[in-house]
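**Q** My structure is below; once you've seen it, I'll send some questions.
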Amino acid sequence: MARRTKEQAEQTKQALLDTALEMFSQQGISQTSLKSIAAGADVTHGALYWHFKNRRDLVENLYHERRLPLDEVFLDQLQAARQSAVVAIKQFLLEWFDLVLGDDSYRQRWQVFHQQNGVACPELESLSEQIREERAQWLVSLGKLVKKARKQKQIAAKPNKGKPDLLADNLLVLMYSLINTSLMTPALCKGHKQAEQVIDTYLKGVSR
């Protein structure tokens, strides 16, 4: 009986996280009340407070439990980079794009935690350092693929020897731009095909 109760409690928690993610992505964190989240998850207000102390606690739980699984995508392409690092870079970026744009849950995660909309939010400010660290890890992953591509002489040498390699930074900016533009102006974007064309054009411009 205790095990069943524990499982039910976990199901309630996940239902609350699912509902919060959907509402936050549609309305914004500050504009979404805990009462509306509880109602949307079909649980009592008290049940929500049993799982989460307040809205900040809910947002922090949501961030840590629903992070984008880009590490798995990167590891797959790191193996593929042994054959062709440029192809691995392209596939990593395309899978990243498809992951966010092709799944409602991942799209909502991106909108809540990574899409800059200029709206101040105390709950996100408390996570700002961790979000920056996540972004920094994506940059490290891109940097490893870029380094392999340079070693394979598929990409031109760094323009400024002794200075930081900015290609990974530029690729990260490109991804943010592709994803955010697609989310904010879907009528102007053609999804995967257009993303592939943009990525191909950029990689061609930096290739040897």
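Scheme for the structure tokens: letters A, B, ... for chains in order shown; per-chain residue numbers from 1; ligand numbers from 1 in order shown.
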Leu78 in chain A: which residues within 9 Å, counting only C-alpha atoms, same-chain residues fewer than 3 positions away excluded, as a list of chain:residue names?

**A** A:Val73, A:Phe74, A:Leu75, A:Ala81, A:Arg82, A:Ala85, A:Ala88, A:Ile89, A:Phe92, A:Ser141, A:Lys144, A:Leu145

**Q** Output the selection as a PDB file, in the first residue's frame - N, CA and C atoms for each residue.

**A**
ATOM      1  N   VAL A  73      22.728  13.518 -27.583  1.00  0.00           N
ATOM      2  CA  VAL A  73      22.891  13.848 -29.001  1.00  0.00           C
ATOM      3  C   VAL A  73      24.361  14.106 -29.307  1.00  0.00           C
ATOM      4  N   PHE A  74      25.026  14.841 -28.418  1.00  0.00           N
ATOM      5  CA  PHE A  74      26.435  15.174 -28.634  1.00  0.00           C
ATOM      6  C   PHE A  74      27.316  13.922 -28.632  1.00  0.00           C
ATOM      7  N   LEU A  75      27.093  13.020 -27.691  1.00  0.00           N
ATOM      8  CA  LEU A  75      27.925  11.818 -27.607  1.00  0.00           C
ATOM      9  C   LEU A  75      27.812  10.976 -28.873  1.00  0.00           C
ATOM     10  N   ALA A  81      32.139  11.889 -35.423  1.00  0.00           N
ATOM     11  CA  ALA A  81      33.158  12.870 -35.822  1.00  0.00           C
ATOM     12  C   ALA A  81      34.476  12.216 -36.205  1.00  0.00           C
ATOM     13  N   ARG A  82      34.688  10.966 -35.821  1.00  0.00           N
ATOM     14  CA  ARG A  82      35.910  10.270 -36.209  1.00  0.00           C
ATOM     15  C   ARG A  82      35.979  10.111 -37.725  1.00  0.00           C
ATOM     16  N   ALA A  85      34.142  15.301 -39.006  1.00  0.00           N
ATOM     17  CA  ALA A  85      33.706  16.211 -37.947  1.00  0.00           C
ATOM     18  C   ALA A  85      32.710  17.249 -38.465  1.00  0.00           C
ATOM     19  N   ALA A  88      29.438  15.703 -38.539  1.00  0.00           N
ATOM     20  CA  ALA A  88      28.972  15.554 -37.154  1.00  0.00           C
ATOM     21  C   ALA A  88      28.436  16.871 -36.611  1.00  0.00           C
ATOM     22  N   ILE A  89      29.110  17.968 -36.936  1.00  0.00           N
ATOM     23  CA  ILE A  89      28.630  19.288 -36.502  1.00  0.00           C
ATOM     24  C   ILE A  89      27.251  19.556 -37.083  1.00  0.00           C
ATOM     25  N   PHE A  92      24.654  17.303 -35.420  1.00  0.00           N
ATOM     26  CA  PHE A  92      24.414  17.737 -34.041  1.00  0.00           C
ATOM     27  C   PHE A  92      23.465  18.939 -34.033  1.00  0.00           C
ATOM     28  N   SER A 141      30.742  21.430 -25.977  1.00  0.00           N
ATOM     29  CA  SER A 141      30.463  20.338 -26.910  1.00  0.00           C
ATOM     30  C   SER A 141      30.730  20.774 -28.346  1.00  0.00           C
ATOM     31  N   LYS A 144      34.467  21.025 -29.048  1.00  0.00           N
ATOM     32  CA  LYS A 144      35.146  19.742 -29.285  1.00  0.00           C
ATOM     33  C   LYS A 144      34.975  19.286 -30.726  1.00  0.00           C
ATOM     34  N   LEU A 145      33.784  19.472 -31.269  1.00  0.00           N
ATOM     35  CA  LEU A 145      33.543  19.087 -32.657  1.00  0.00           C
ATOM     36  C   LEU A 145      34.305  20.001 -33.615  1.00  0.00           C
TER      37      LEU A 145
END

**Q** Step one, run DSSP on the backbone; step two, keep only residues of range 42-176 of chain A assigned to alpha helix (DSSP H); then write them as a ChimeraX atom specification.

**A** /A:45-51,55-65,70-80,85-102,104-113,122-125,128-151,167-176

**Q** What would the file look like if the residues just selected were written as a short mmCIF file (atom, residue, chain, number, x, y, z; two decimals), in the first residue's frame with C-alpha atoms?

**A**
data_model
loop_
_atom_site.label_atom_id
_atom_site.label_comp_id
_atom_site.auth_asym_id
_atom_site.auth_seq_id
_atom_site.Cartn_x
_atom_site.Cartn_y
_atom_site.Cartn_z
CA HIS A 45 -4.09 23.49 -4.07
CA GLY A 46 -2.89 21.70 -0.95
CA ALA A 47 -1.51 18.82 -3.00
CA LEU A 48 0.63 21.26 -4.96
CA TYR A 49 2.06 22.72 -1.76
CA TRP A 50 2.79 19.21 -0.51
CA HIS A 51 5.21 18.80 -3.40
CA ARG A 55 6.53 28.96 -7.29
CA ARG A 56 10.32 29.27 -7.20
CA ASP A 57 10.62 25.73 -5.85
CA LEU A 58 8.31 24.50 -8.62
CA VAL A 59 10.32 26.29 -11.32
CA GLU A 60 13.62 24.95 -9.97
CA ASN A 61 12.25 21.39 -9.87
CA LEU A 62 10.96 21.80 -13.40
CA TYR A 63 14.34 23.00 -14.67
CA HIS A 64 16.33 20.20 -13.05
CA GLU A 65 13.94 17.40 -14.00
CA LEU A 70 21.62 17.36 -25.67
CA ASP A 71 24.42 15.39 -23.99
CA GLU A 72 23.08 12.20 -25.58
CA VAL A 73 22.89 13.85 -29.00
CA PHE A 74 26.43 15.17 -28.63
CA LEU A 75 27.92 11.82 -27.61
CA ASP A 76 26.43 10.17 -30.69
CA GLN A 77 27.95 12.81 -32.95
CA LEU A 78 31.29 12.76 -31.13
CA GLN A 79 31.61 9.15 -32.24
CA ALA A 80 30.57 10.06 -35.78
CA ALA A 85 33.71 16.21 -37.95
CA VAL A 86 31.95 18.68 -40.25
CA VAL A 87 29.17 16.17 -40.91
CA ALA A 88 28.97 15.55 -37.15
CA ILE A 89 28.63 19.29 -36.50
CA LYS A 90 25.83 19.55 -39.04
CA GLN A 91 24.00 16.53 -37.62
CA PHE A 92 24.41 17.74 -34.04
CA LEU A 93 22.89 21.11 -34.95
CA LEU A 94 20.06 19.58 -36.97
CA GLU A 95 19.18 17.05 -34.27
CA TRP A 96 19.22 19.88 -31.75
CA PHE A 97 16.84 21.88 -33.94
CA ASP A 98 14.55 18.90 -34.55
CA LEU A 99 14.56 18.00 -30.86
CA VAL A 100 13.23 21.41 -29.83
CA LEU A 101 10.91 22.03 -32.76
CA GLY A 102 9.62 18.48 -33.16
CA ASP A 104 5.93 19.81 -27.63
CA SER A 105 7.59 19.11 -24.31
CA TYR A 106 11.09 20.04 -25.51
CA ARG A 107 9.74 23.11 -27.26
CA GLN A 108 8.08 24.22 -24.03
CA ARG A 109 11.30 23.67 -22.08
CA TRP A 110 13.18 25.84 -24.53
CA GLN A 111 10.54 28.57 -24.41
CA VAL A 112 10.52 28.67 -20.61
CA PHE A 113 14.25 28.46 -19.92
CA PRO A 122 12.61 36.37 -10.26
CA GLU A 123 12.25 32.60 -10.54
CA LEU A 124 14.47 32.49 -13.63
CA GLU A 125 16.94 34.94 -12.11
CA SER A 128 20.43 32.22 -14.19
CA GLU A 129 23.84 30.85 -13.19
CA GLN A 130 22.75 27.25 -13.81
CA ILE A 131 21.23 28.16 -17.17
CA ARG A 132 24.49 29.91 -18.12
CA GLU A 133 26.41 26.79 -17.09
CA GLU A 134 24.15 24.64 -19.28
CA ARG A 135 24.75 26.99 -22.20
CA ALA A 136 28.48 26.88 -21.48
CA GLN A 137 28.39 23.08 -21.66
CA TRP A 138 26.73 23.26 -25.07
CA LEU A 139 29.54 25.58 -26.10
CA VAL A 140 32.13 23.09 -24.89
CA SER A 141 30.46 20.34 -26.91
CA LEU A 142 30.48 22.46 -30.05
CA GLY A 143 34.10 23.40 -29.37
CA LYS A 144 35.15 19.74 -29.29
CA LEU A 145 33.54 19.09 -32.66
CA VAL A 146 35.08 22.24 -34.13
CA LYS A 147 38.52 21.22 -32.84
CA LYS A 148 38.16 17.82 -34.54
CA ALA A 149 37.09 19.50 -37.79
CA ARG A 150 40.17 21.73 -37.71
CA LYS A 151 42.42 18.73 -37.06
CA LEU A 167 33.56 29.43 -34.29
CA ALA A 168 31.82 27.41 -31.57
CA ASP A 169 30.39 30.65 -30.13
CA ASN A 170 29.09 31.61 -33.58
CA LEU A 171 27.49 28.19 -34.05
CA LEU A 172 25.74 28.51 -30.70
CA VAL A 173 24.42 31.96 -31.66
CA LEU A 174 23.27 30.48 -34.96
CA MET A 175 21.31 27.78 -33.15
CA TYR A 176 19.61 30.22 -30.81
#

**Q** Tell me, in Å to one decimal, how far CA of Cys121 in chain A is from CA of Met23 in chain A.

**A**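 Taking CA of Cys121 in chain A and CA of Met23 in chain A, their separation equals 15.0 Å.
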
**Q** Neighbours of Asp42 in chain A within 10 Å (only C-alpha atoms; same-chain residues fewer than 6 positions away dropped), as a PyMOL selection string?

**A** chain A and resi 12+15-16+19+36
